[in-house]
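Undergrad: Next comes target.txt, compact mmCIF, C-alpha atoms and all ligand atoms:
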```txt
# COMPACT_ATOMS: atom_id res chain seq x y z
CA MET A 45 93.11 26.33 -60.86
CA GLY A 46 92.71 22.94 -59.18
CA PHE A 47 93.23 19.73 -61.10
CA ASN A 48 93.32 16.23 -59.68
CA SER A 49 96.63 14.40 -59.42
CA THR A 50 95.94 12.04 -62.35
CA ILE A 51 95.51 15.00 -64.67
CA TYR A 52 98.63 16.68 -63.26
CA LYS A 53 100.66 13.54 -63.80
CA LYS A 54 99.38 13.09 -67.34
CA ALA A 55 100.16 16.70 -68.25
CA LEU A 56 103.65 16.60 -66.68
CA ASP A 57 104.35 13.26 -68.41
CA ARG A 58 103.39 14.84 -71.69
CA LEU A 59 105.85 17.73 -71.18
CA HIS A 60 108.52 15.32 -69.97
CA GLU A 61 108.20 13.28 -73.17
CA LYS A 62 108.75 16.44 -75.20
CA LYS A 63 111.76 17.34 -73.06
CA LEU A 64 113.34 13.91 -73.48
CA ALA A 65 112.70 13.96 -77.23
CA ALA A 66 114.39 17.37 -77.56
CA GLU A 67 117.39 16.19 -75.51
CA LYS A 68 117.68 12.94 -77.43
CA ALA A 69 117.65 14.83 -80.71
CA ALA A 70 120.38 17.19 -79.40
CA ASP A 71 122.53 14.22 -78.33
CA ALA A 72 122.16 12.70 -81.77
CA ARG A 73 123.13 16.00 -83.42
CA ARG A 74 126.16 16.31 -81.13
CA ALA A 75 127.37 12.77 -81.91
CA GLU A 76 127.04 13.39 -85.63
CA ILE A 77 128.79 16.78 -85.50
CA CYS A 78 131.65 15.54 -83.31
CA GLU A 79 132.17 12.66 -85.71
CA LYS A 80 132.43 15.10 -88.58
CA ILE A 81 134.38 17.86 -86.78
CA PRO A 82 136.50 16.33 -83.95
CA ARG A 83 137.60 19.79 -82.78
CA VAL A 84 134.02 20.37 -81.56
CA ARG A 85 134.40 17.56 -79.04
CA GLU A 86 137.71 18.98 -77.78
CA LEU A 87 136.23 22.44 -77.38
CA GLU A 88 133.16 21.16 -75.53
CA LYS A 89 135.40 19.18 -73.17
CA GLY A 90 137.60 22.21 -72.62
CA ILE A 91 134.63 24.45 -71.86
CA SER A 92 133.09 22.06 -69.36
CA SER A 93 136.40 21.36 -67.60
CA SER A 94 137.19 25.04 -67.14
CA GLY A 95 134.51 25.20 -64.43
CA ILE A 96 136.22 22.44 -62.51
CA ARG A 97 139.60 24.11 -62.95
CA ALA A 98 138.15 27.38 -61.68
CA ALA A 99 136.87 25.64 -58.55
CA ARG A 100 140.29 24.07 -58.01
CA ALA A 101 141.98 27.43 -58.36
CA VAL A 102 139.73 28.92 -55.69
CA ILE A 103 140.24 26.03 -53.27
CA GLY A 104 143.98 25.93 -53.95
CA GLY A 105 144.38 29.50 -52.70
CA GLY A 106 147.48 31.33 -53.97
CA ASN A 107 146.84 33.93 -56.62
CA ALA A 108 143.31 32.71 -57.41
CA GLY A 109 142.20 36.04 -58.92
CA GLU A 110 144.77 35.96 -61.67
CA GLU A 111 144.23 32.27 -62.35
CA LEU A 112 140.44 32.77 -62.55
CA GLU A 113 140.79 35.65 -64.97
CA LYS A 114 143.01 33.50 -67.21
CA LEU A 115 140.48 30.65 -67.12
CA ARG A 116 137.64 33.01 -67.91
CA ARG A 117 139.47 34.36 -70.97
CA GLU A 118 140.31 30.85 -72.17
CA ASN A 119 136.72 29.80 -71.70
CA LEU A 120 135.34 32.74 -73.69
CA GLN A 121 137.86 32.06 -76.43
CA MET A 122 136.86 28.40 -76.67
CA GLN A 123 133.18 29.39 -76.76
CA SER A 124 133.71 31.82 -79.60
CA GLU A 125 135.87 29.32 -81.51
CA LEU A 126 133.12 26.72 -81.11
CA ARG A 127 130.46 29.15 -82.32
CA GLU A 128 132.50 30.10 -85.38
CA LEU A 129 133.37 26.51 -86.17
CA LEU A 130 129.69 25.54 -86.11
CA ILE A 131 128.65 28.48 -88.27
CA GLN A 132 131.48 27.85 -90.76
CA ASN A 133 130.16 24.31 -91.16
CA GLY A 134 126.65 25.53 -91.85
CA TYR A 135 125.11 24.91 -88.40
CA SER A 136 123.33 27.38 -86.19
CA GLU A 137 125.36 28.40 -83.13
CA ASN A 138 122.98 26.63 -80.72
CA VAL A 139 122.70 23.40 -82.69
CA LEU A 140 124.22 21.48 -79.76
CA GLU A 141 121.56 22.70 -77.33
CA PRO A 142 118.21 20.88 -77.00
CA ASP A 143 115.50 22.62 -79.00
CA TYR A 144 112.76 22.57 -76.35
CA ALA A 145 109.13 22.96 -77.45
CA CYS A 146 108.75 25.65 -74.78
CA LYS A 147 111.72 27.99 -74.65
CA LYS A 148 110.46 29.62 -71.47
CA CYS A 149 110.61 26.57 -69.19
CA GLY A 150 112.63 24.06 -71.22
CA ASP A 151 109.62 21.71 -71.16
CA THR A 152 109.73 21.35 -67.38
CA GLY A 153 106.44 23.15 -66.79
CA TYR A 154 107.95 25.61 -64.31
CA TYR A 155 110.20 28.65 -64.52
CA ASP A 156 111.79 31.05 -62.06
CA GLU A 157 111.05 34.72 -61.92
CA GLY A 158 112.20 37.09 -59.21
CA GLY A 159 113.14 34.18 -56.96
CA ARG A 160 109.73 32.52 -57.26
CA THR A 161 108.86 29.33 -59.13
CA LEU A 162 105.91 29.87 -61.45
CA VAL A 163 103.70 27.49 -63.45
CA CYS A 164 104.46 27.94 -67.15
CA SER A 165 101.70 28.61 -69.67
CA CYS A 166 102.64 25.39 -71.51
CA LEU A 167 101.85 23.33 -68.40
CA LYS A 168 98.56 25.22 -67.99
CA ALA A 169 97.70 24.40 -71.61
CA ALA A 170 98.65 20.72 -71.14
CA LEU A 171 96.53 20.56 -67.95
CA SER A 172 93.50 21.96 -69.70
CA GLU A 173 94.04 19.64 -72.68
CA CYS A 174 94.26 16.59 -70.38
CA ALA A 175 91.23 17.69 -68.36
CA CYS A 176 89.19 18.06 -71.57
CA GLU A 177 90.35 14.68 -72.85
CA GLU A 178 89.27 13.15 -69.56
CA LEU A 179 85.79 14.63 -69.92
CA ASN A 180 85.60 13.69 -73.63
CA ARG A 181 86.72 10.12 -73.02
CA HIS A 182 83.38 8.60 -73.97
CA ALA A 183 82.38 11.04 -76.70
CA PRO A 184 82.06 9.56 -80.20
CA LEU A 185 84.10 12.44 -81.58
CA SER A 186 85.63 10.95 -84.69
CA LEU A 187 82.46 9.58 -86.29
CA SER A 188 80.53 12.72 -87.14
CA THR A 189 82.18 15.21 -89.47
CA PHE A 190 81.02 17.89 -91.91
CA GLU A 191 82.15 15.62 -94.77
CA SER A 192 79.87 12.79 -93.63
CA PHE A 193 76.87 15.14 -93.27
CA SER A 194 74.55 14.80 -96.26
CA LEU A 195 71.67 17.07 -97.27
CA ASP A 196 70.05 14.21 -99.22
CA PHE A 197 68.19 13.01 -96.12
CA TYR A 198 66.08 16.17 -95.83
CA PRO A 199 62.74 16.50 -97.73
CA GLN A 200 62.58 18.88 -100.66
CA THR A 201 58.85 19.43 -100.27
CA PRO A 202 57.60 22.27 -98.08
CA ASP A 203 56.38 21.38 -94.59
CA SER A 204 53.12 22.66 -93.07
CA SER A 205 54.63 26.11 -92.51
CA GLY A 206 55.90 26.33 -96.09
CA ILE A 207 59.57 25.81 -95.22
CA ILE A 208 61.57 23.42 -97.39
CA PRO A 209 63.64 21.35 -94.93
CA ARG A 210 66.53 20.73 -97.34
CA GLN A 211 66.97 24.42 -98.09
CA HIS A 212 66.69 25.28 -94.43
CA ILE A 213 69.18 22.63 -93.25
CA GLU A 214 71.60 23.70 -95.96
CA LYS A 215 71.71 27.13 -94.29
CA VAL A 216 72.13 25.51 -90.87
CA PHE A 217 74.93 23.33 -92.22
CA LYS A 218 76.74 26.29 -93.77
CA TYR A 219 76.33 28.27 -90.57
CA CYS A 220 77.87 25.49 -88.47
CA LYS A 221 80.73 24.96 -90.91
CA SER A 222 81.64 28.61 -90.94
CA TYR A 223 81.19 28.83 -87.14
CA ALA A 224 83.76 26.04 -86.71
CA ALA A 225 86.16 27.46 -89.31
CA ASN A 226 86.09 30.93 -87.72
CA PHE A 227 85.72 29.89 -84.08
CA THR A 228 87.43 31.98 -81.42
CA PRO A 229 86.83 31.94 -77.65
CA ASP A 230 84.69 35.08 -78.26
CA SER A 231 82.33 33.33 -80.68
CA ASN A 232 78.61 33.40 -79.94
CA SER A 233 76.64 30.50 -78.46
CA ILE A 234 74.30 28.22 -80.42
CA LEU A 235 71.02 26.62 -79.41
CA MET A 236 70.06 23.66 -81.63
CA ILE A 237 66.40 22.77 -81.41
CA GLY A 238 64.50 19.96 -83.09
CA ALA A 239 63.11 16.43 -82.85
CA THR A 240 65.21 13.28 -82.58
CA GLY A 241 67.35 12.04 -85.47
CA LEU A 242 67.67 15.28 -87.42
CA GLY A 243 71.44 15.74 -87.16
CA LYS A 244 71.87 17.97 -84.07
CA THR A 245 74.41 15.69 -82.44
CA HIS A 246 76.10 15.06 -85.77
CA LEU A 247 76.65 18.76 -86.45
CA SER A 248 77.70 19.59 -82.90
CA LEU A 249 80.31 16.81 -83.03
CA ALA A 250 81.45 18.07 -86.45
CA ILE A 251 81.96 21.52 -84.88
CA ALA A 252 83.80 19.94 -81.93
CA ASN A 253 86.16 18.04 -84.24
CA GLU A 254 87.02 21.08 -86.31
CA VAL A 255 87.46 23.41 -83.33
CA ILE A 256 89.71 20.85 -81.56
CA ARG A 257 91.71 20.43 -84.78
CA ARG A 258 92.23 24.19 -84.80
CA GLY A 259 93.85 23.94 -81.38
CA TYR A 260 91.06 25.04 -79.03
CA SER A 261 89.92 23.14 -75.97
CA VAL A 262 86.46 21.67 -76.33
CA ILE A 263 84.30 19.66 -74.01
CA TYR A 264 81.48 17.68 -75.56
CA VAL A 265 79.18 16.04 -73.06
CA SER A 266 75.55 14.90 -72.89
CA ALA A 267 73.37 16.57 -70.29
CA PRO A 268 72.82 13.37 -68.24
CA ALA A 269 76.56 12.52 -68.28
CA LEU A 270 77.43 16.08 -67.31
CA LEU A 271 75.11 16.01 -64.31
CA GLN A 272 76.49 12.64 -63.26
CA LYS A 273 80.04 14.04 -63.31
CA VAL A 274 79.05 17.15 -61.41
CA ASP A 275 77.19 15.06 -58.86
CA ALA A 276 80.15 12.72 -58.37
CA ALA A 277 82.46 15.73 -58.04
CA LYS A 278 80.23 17.26 -55.37
CA ARG A 279 79.89 14.02 -53.46
CA PHE A 280 83.55 13.13 -53.36
CA ARG A 281 84.80 16.70 -53.29
CA ILE A 282 88.21 15.58 -54.59
CA GLU A 283 87.57 16.74 -58.14
CA ASP A 284 85.11 19.38 -57.10
CA GLU A 285 86.98 22.40 -58.35
CA SER A 286 88.62 20.79 -61.34
CA VAL A 287 85.36 19.72 -62.99
CA PHE A 288 83.78 23.16 -62.58
CA ASP A 289 86.99 24.94 -63.58
CA THR A 290 87.34 22.83 -66.68
CA LEU A 291 83.72 23.39 -67.67
CA ASN A 292 84.22 27.12 -67.23
CA ASP A 293 87.69 27.40 -68.70
CA CYS A 294 87.42 25.34 -71.88
CA ASP A 295 87.11 27.40 -75.06
CA LEU A 296 83.90 25.69 -76.15
CA LEU A 297 81.43 23.72 -74.06
CA ILE A 298 78.92 21.54 -75.92
CA ILE A 299 76.00 20.14 -73.95
CA ASP A 300 74.07 17.61 -75.97
CA ASP A 301 70.53 16.35 -75.33
CA LEU A 302 69.53 18.98 -72.82
CA GLY A 303 66.17 17.90 -71.43
CA THR A 304 66.85 14.17 -71.42
CA GLU A 305 68.29 14.36 -67.90
CA TYR A 306 66.16 13.60 -64.88
CA HIS A 307 64.45 16.86 -63.92
CA SER A 308 64.96 16.92 -60.17
CA GLN A 309 65.34 20.31 -58.51
CA TYR A 310 68.97 19.40 -57.80
CA ASN A 311 69.73 18.56 -61.45
CA VAL A 312 67.95 21.61 -62.82
CA SER A 313 69.82 23.92 -60.48
CA ASN A 314 73.20 22.30 -61.25
CA MET A 315 72.56 22.60 -64.98
CA TYR A 316 71.37 26.16 -64.60
CA ASN A 317 74.56 27.07 -62.73
CA ILE A 318 76.85 25.54 -65.34
CA ILE A 319 75.07 27.27 -68.22
CA ASN A 320 74.71 30.52 -66.36
CA SER A 321 78.38 30.83 -65.49
CA ARG A 322 79.34 30.34 -69.16
CA LEU A 323 76.80 32.94 -70.23
CA LEU A 324 77.93 35.37 -67.53
CA SER A 325 81.54 35.19 -68.67
CA ASN A 326 80.47 35.42 -72.33
CA LYS A 327 82.02 32.11 -73.22
CA PRO A 328 80.62 30.12 -76.12
CA LEU A 329 78.29 27.25 -75.42
CA ILE A 330 76.45 24.93 -77.81
CA ILE A 331 73.31 23.31 -76.50
CA SER A 332 71.21 20.85 -78.42
CA THR A 333 67.78 19.79 -77.27
CA ASN A 334 64.62 17.93 -78.27
CA LEU A 335 62.58 20.24 -76.06
CA THR A 336 60.67 23.18 -77.50
CA ILE A 337 61.31 26.73 -76.39
CA SER A 338 58.29 26.68 -74.11
CA GLU A 339 59.34 23.38 -72.55
CA LEU A 340 62.83 24.81 -71.97
CA ASP A 341 61.26 27.88 -70.40
CA LYS A 342 59.18 25.75 -68.08
CA THR A 343 62.13 23.62 -66.98
CA TYR A 344 65.02 26.05 -66.66
CA THR A 345 63.16 29.31 -66.04
CA ASP A 346 62.38 31.72 -68.86
CA ARG A 347 65.36 33.92 -68.14
CA PHE A 348 67.73 31.16 -69.25
CA VAL A 349 66.15 30.58 -72.66
CA SER A 350 65.87 34.23 -73.52
CA ARG A 351 69.47 34.82 -72.52
CA MET A 352 70.66 31.76 -74.36
CA THR A 353 68.91 32.77 -77.57
CA GLY A 354 69.47 36.48 -76.98
CA SER A 355 73.26 36.31 -77.05
CA GLY A 356 73.40 33.38 -79.45
CA GLN A 357 72.07 31.82 -82.59
CA LYS A 358 69.02 29.56 -82.58
CA LEU A 359 69.12 26.80 -85.21
CA ASN A 360 65.96 24.83 -85.95
CA PHE A 361 66.27 21.26 -87.20
CA MET A 362 63.48 19.78 -89.31
CA GLY A 363 62.79 16.82 -91.56
CA THR A 364 62.38 13.09 -91.00
CA ASP A 365 64.25 10.99 -88.42
CA ILE A 366 67.50 10.10 -90.24
CA ARG A 367 68.12 7.06 -88.06
CA VAL A 368 64.87 5.58 -89.36
CA LEU A 369 65.67 6.60 -92.97
CA LYS A 370 69.12 5.03 -92.77
CA LYS A 371 67.65 1.79 -91.40
CA LYS A 372 65.15 1.66 -94.27
CA ILE A 373 67.86 1.96 -96.91
CA ASN A 374 70.25 -0.25 -94.91
CA LEU A 375 72.99 2.31 -94.50
N1 LIG B 1 72.69 15.02 -92.51
C1 LIG B 1 73.16 13.85 -92.14
N2 LIG B 1 73.94 13.13 -92.96
C2 LIG B 1 74.38 11.90 -92.58
N3 LIG B 1 74.11 11.32 -91.40
C3 LIG B 1 73.34 12.00 -90.54
C4 LIG B 1 72.84 13.28 -90.85
N4 LIG B 1 72.13 13.74 -89.80
C5 LIG B 1 72.16 12.75 -88.88
N5 LIG B 1 72.89 11.71 -89.31
C6 LIG B 1 73.11 10.45 -88.61
O1 LIG B 1 71.86 10.00 -88.12
C7 LIG B 1 71.96 9.57 -86.76
C8 LIG B 1 71.08 10.47 -85.89
O2 LIG B 1 71.53 11.81 -85.96
P1 LIG B 1 71.83 12.72 -84.68
O3 LIG B 1 72.78 13.73 -85.08
O4 LIG B 1 72.23 11.82 -83.54
O5 LIG B 1 70.40 13.31 -84.43
P2 LIG B 1 69.86 14.21 -83.22
O6 LIG B 1 71.00 14.56 -82.37
O7 LIG B 1 69.21 15.37 -83.86
O8 LIG B 1 68.87 13.34 -82.50
C9 LIG B 1 73.41 9.66 -86.42
O9 LIG B 1 74.00 8.39 -86.64
C10 LIG B 1 73.96 10.67 -87.39
O10 LIG B 1 75.34 10.45 -87.66
MG MG B 2 71.29 14.00 -80.36
ZN ZN B 3 106.74 26.15 -70.71
```
Take the structure in this file and express it as structure tokens.
TA:
Amino acid sequence: MGFNSTIYKKALDRLHEKKLAAEKAADARRAEICEKIPRVRELEKGISSSGIRAARAVIGGGNAGEELEKLRRENLQMQSELRELLIQNGYSENVLEPDYACKKCGDTGYYDEGGRTLVCSCLKAALSECACEELNRHAPLSLSTFESFSLDFYPQTPDSSGIIPRQHIEKVFKYCKSYAANFTPDSNSILMIGATGLGKTHLSLAIANEVIRRGYSVIYVSAPALLQKVDAAKRFRIEDESVFDTLNDCDLLIIDDLGTEYHSQYNVSNMYNIINSRLLSNKPLIISTNLTISELDKTYTDRFVSRMTGSGQKLNFMGTDIRVLKKKINL
């Protein structure tokens, strides 16, 4: 997976901070324990100096084998005395060691296996987290939540097709809430359709917030901003792979305002490719749009819409523009 150097640095810095914090905490524990039990300090000193004495014995020649064996025994004895002393005093036997967040790599991001250095899963997770943050930098994530979503804005009188918007949106709301609460990377996709100001963005951001809070990686991006990023990536090639990888790899991709982007052949085909690769790998995608199904069909080819709705859930939004309503009542 290719990430640019800024993202690499940010992810490694993040691990490094964890590493330093774990080591600082271990130092503080050691100081406190040595203060309380001075024998611990003596034993630690003895254990670390036995390595030096062993080296001296080897260099010094003579009967090094015997001397080394003696040192080894002494060392093991000191280690077991230290362990017992700690346990007797109510500590765990590795209380003096740093308690790294990742036991596999000690918060360095890399570990050795069979003579090869491998990238640890914690560094991969930090890279994907940083890449998502980078893409979400301008998203108004914190403002729209399920708690701030009110059903009061939706009419209680039936519309021309006999549907009562408030009842209908209540179902949509419950669906989205449960989708977010039960989200896994195998969840289905959602297509949100409806006119402007009916809460599509609000609910998709509410889902994003909840899914991020539950520890998944989410990218929320508007269609025009997404195309701009993809275009920049293609032009400068530097971030080429990382943008596409991140869009493909994140647990949930949310594309808002599909249809508001400029419909050049180039844009349509870029958008089609992004959506198509998510659909092909069965990864969840939330799209919201002001376009109707037939307009979507016309723009992105009918195969896309049928596949999008076929494998996912279509949610219709109805009612009166809430931006206008809020302005009227000065909210
Ligand atoms: N049900 C709701 N309760 C409270 N505020 C809402 C609700 N639906 C929309 N809003 C607010 O109204 C404005 C427009 O909604 P938005 O979600 O952007 O609409 P859409 O994406 O459908 O055009 C936003 O400020 C949003 O937070
Ligand atoms: Mg919107
Ligand atoms: Zn690790």
Undergrad: So that all listed atoms of ligand LIG 1 (chain B) fit with 8 Å spare on each side, what axis-aligned box centre and edge lengths in Å, to one decimal, would you give as JSON?
TA:
```
{"center_x": 72.1, "center_y": 11.9, "center_z": -87.7, "size_x": 22.5, "size_y": 23.0, "size_z": 26.6}
```
Undergrad: For the contact check between chain A and ligand MG 2 (chain B), emit one row per residue of chain A within 6 Å, containing the shortest atom pair and the distance in Å rounded to one decimal, counting all atoms listed in the file, chain then rising number order, as JSON lines.
TA:
```
{"residue": "A:Lys244", "atom": "CA", "partner": "B:MG2", "partner_atom": "MG", "distance": 5.5}
{"residue": "A:Thr245", "atom": "CA", "partner": "B:MG2", "partner_atom": "MG", "distance": 4.1}
{"residue": "A:Asp301", "atom": "CA", "partner": "B:MG2", "partner_atom": "MG", "distance": 5.6}
```
Undergrad: At a cut-off of 9 Å and counting all atoms listed in the file, what residues surround ligand LIG 1 (chain B)? Please answer as number ranges by chain.
TA: A: 187-198, 213, 217, 236-249, 300-301, 332-334, 361, 365-370
Undergrad: With all atoms listed in the file as the basis for distance, which of A:Ala99, A:Cys166, A:Ala70, A:Leu297 is at the shortest distance from ligand ZN 3 (chain B)?
TA: A:Cys166
Undergrad: Restrict the calculation to all atoms listed in the file, then for each residue of chain A with any atom at most 6 Å from an atom of ligand ZN 3 (chain B) give the closest atom pair and their distance in Å to one decimal, rows by chain and rising residue number, as JSON lines.
TA:
```
{"residue": "A:Cys146", "atom": "CA", "partner": "B:ZN3", "partner_atom": "ZN", "distance": 4.6}
{"residue": "A:Lys148", "atom": "CA", "partner": "B:ZN3", "partner_atom": "ZN", "distance": 5.1}
{"residue": "A:Cys149", "atom": "CA", "partner": "B:ZN3", "partner_atom": "ZN", "distance": 4.2}
{"residue": "A:Asp151", "atom": "CA", "partner": "B:ZN3", "partner_atom": "ZN", "distance": 5.3}
{"residue": "A:Gly153", "atom": "CA", "partner": "B:ZN3", "partner_atom": "ZN", "distance": 4.9}
{"residue": "A:Cys164", "atom": "CA", "partner": "B:ZN3", "partner_atom": "ZN", "distance": 4.6}
{"residue": "A:Ser165", "atom": "CA", "partner": "B:ZN3", "partner_atom": "ZN", "distance": 5.7}
{"residue": "A:Cys166", "atom": "CA", "partner": "B:ZN3", "partner_atom": "ZN", "distance": 4.2}
```
Undergrad: How would the residues just picked look written out with C-alpha atoms as a tab-separated table (two decimals), in the frame of the given file?
TA:
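Dumped to again_28.tsv:
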```
chain	number	residue	atom	x	y	z
A	146	CYS	CA	108.75	25.65	-74.78
A	148	LYS	CA	110.46	29.62	-71.47
A	149	CYS	CA	110.61	26.57	-69.19
A	151	ASP	CA	109.62	21.71	-71.16
A	153	GLY	CA	106.44	23.15	-66.79
A	164	CYS	CA	104.46	27.94	-67.15
A	165	SER	CA	101.70	28.61	-69.67
A	166	CYS	CA	102.64	25.39	-71.51
```
Undergrad: If you measure from atom CA of A:Asn311 to atom CA of A:Pro229, what distance in Å do you get, rounded to one decimal?
TA: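 Interatomic distance here is 27.1 Å.
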Undergrad: How would you write as a list in words the residues that get within 12 Å of (86.4, 12.9, -77.2) in the file's frame, counting all atoms listed in the file?
TA: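 Here is the list of nearby residues: Glu173, Cys174, Ala175, Cys176, Glu177, Glu178, Leu179, Asn180, Arg181, His182, Ala183, Pro184, Leu185, Ser186, Leu187, Ser188, Leu249, Ala250, Ala252, Asn253, Ile256, Arg257, Ser261, Val262, Ile263, Tyr264, Val265, Ser266 and Ile298 of chain A.
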Undergrad: Just the number, please: distance in Å from atom CA of A:Leu87 to atom CA of A:Tyr144, one decimal.
TA: 23.5 Å
Undergrad: Taking (76.1, 26.6, -64.4) in the file's coordinates as the center, which residues reach within 12 Å of it, counting all atoms listed in the file, put as a PyMOL selection string?
TA: chain A and resi 267+270-271+274+287-289+291-292+297+299+311-325+327+329+344+348
Undergrad: Using C-alpha atoms, can you write the selected residues to a file as a PDB file, in the coordinates of the input?
TA:
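What landed in part_23.pdb:
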```
ATOM      1  CA  ALA A 267      73.370  16.570 -70.290  1.00  0.00           C
ATOM      2  CA  LEU A 270      77.430  16.080 -67.310  1.00  0.00           C
ATOM      3  CA  LEU A 271      75.110  16.010 -64.310  1.00  0.00           C
ATOM      4  CA  VAL A 274      79.050  17.150 -61.410  1.00  0.00           C
ATOM      5  CA  VAL A 287      85.360  19.720 -62.990  1.00  0.00           C
ATOM      6  CA  PHE A 288      83.780  23.160 -62.580  1.00  0.00           C
ATOM      7  CA  ASP A 289      86.990  24.940 -63.580  1.00  0.00           C
ATOM      8  CA  LEU A 291      83.720  23.390 -67.670  1.00  0.00           C
ATOM      9  CA  ASN A 292      84.220  27.120 -67.230  1.00  0.00           C
ATOM     10  CA  LEU A 297      81.430  23.720 -74.060  1.00  0.00           C
ATOM     11  CA  ILE A 299      76.000  20.140 -73.950  1.00  0.00           C
ATOM     12  CA  ASN A 311      69.730  18.560 -61.450  1.00  0.00           C
ATOM     13  CA  VAL A 312      67.950  21.610 -62.820  1.00  0.00           C
ATOM     14  CA  SER A 313      69.820  23.920 -60.480  1.00  0.00           C
ATOM     15  CA  ASN A 314      73.200  22.300 -61.250  1.00  0.00           C
ATOM     16  CA  MET A 315      72.560  22.600 -64.980  1.00  0.00           C
ATOM     17  CA  TYR A 316      71.370  26.160 -64.600  1.00  0.00           C
ATOM     18  CA  ASN A 317      74.560  27.070 -62.730  1.00  0.00           C
ATOM     19  CA  ILE A 318      76.850  25.540 -65.340  1.00  0.00           C
ATOM     20  CA  ILE A 319      75.070  27.270 -68.220  1.00  0.00           C
ATOM     21  CA  ASN A 320      74.710  30.520 -66.360  1.00  0.00           C
ATOM     22  CA  SER A 321      78.380  30.830 -65.490  1.00  0.00           C
ATOM     23  CA  ARG A 322      79.340  30.340 -69.160  1.00  0.00           C
ATOM     24  CA  LEU A 323      76.800  32.940 -70.230  1.00  0.00           C
ATOM     25  CA  LEU A 324      77.930  35.370 -67.530  1.00  0.00           C
ATOM     26  CA  SER A 325      81.540  35.190 -68.670  1.00  0.00           C
ATOM     27  CA  LYS A 327      82.020  32.110 -73.220  1.00  0.00           C
ATOM     28  CA  LEU A 329      78.290  27.250 -75.420  1.00  0.00           C
ATOM     29  CA  TYR A 344      65.020  26.050 -66.660  1.00  0.00           C
ATOM     30  CA  PHE A 348      67.730  31.160 -69.250  1.00  0.00           C
TER      31      PHE A 348
END
```
Undergrad: State, in Å with one decimal place, the distance from atom CA of A:His307 to atom CA of A:Asp295.
TA: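 Between atom CA of A:His307 and atom CA of A:Asp295 the gap is 27.4 Å.
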Undergrad: Measuring atom to atom with only C-alpha atoms, identify which of A:Gln132, A:Thr304, A:Asn374, A:Ser231 is nearest to A:Leu340.
TA: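 Going through A:Gln132, A:Thr304, A:Asn374, A:Ser231 one by one, the smallest distance to A:Leu340 is for A:Thr304.
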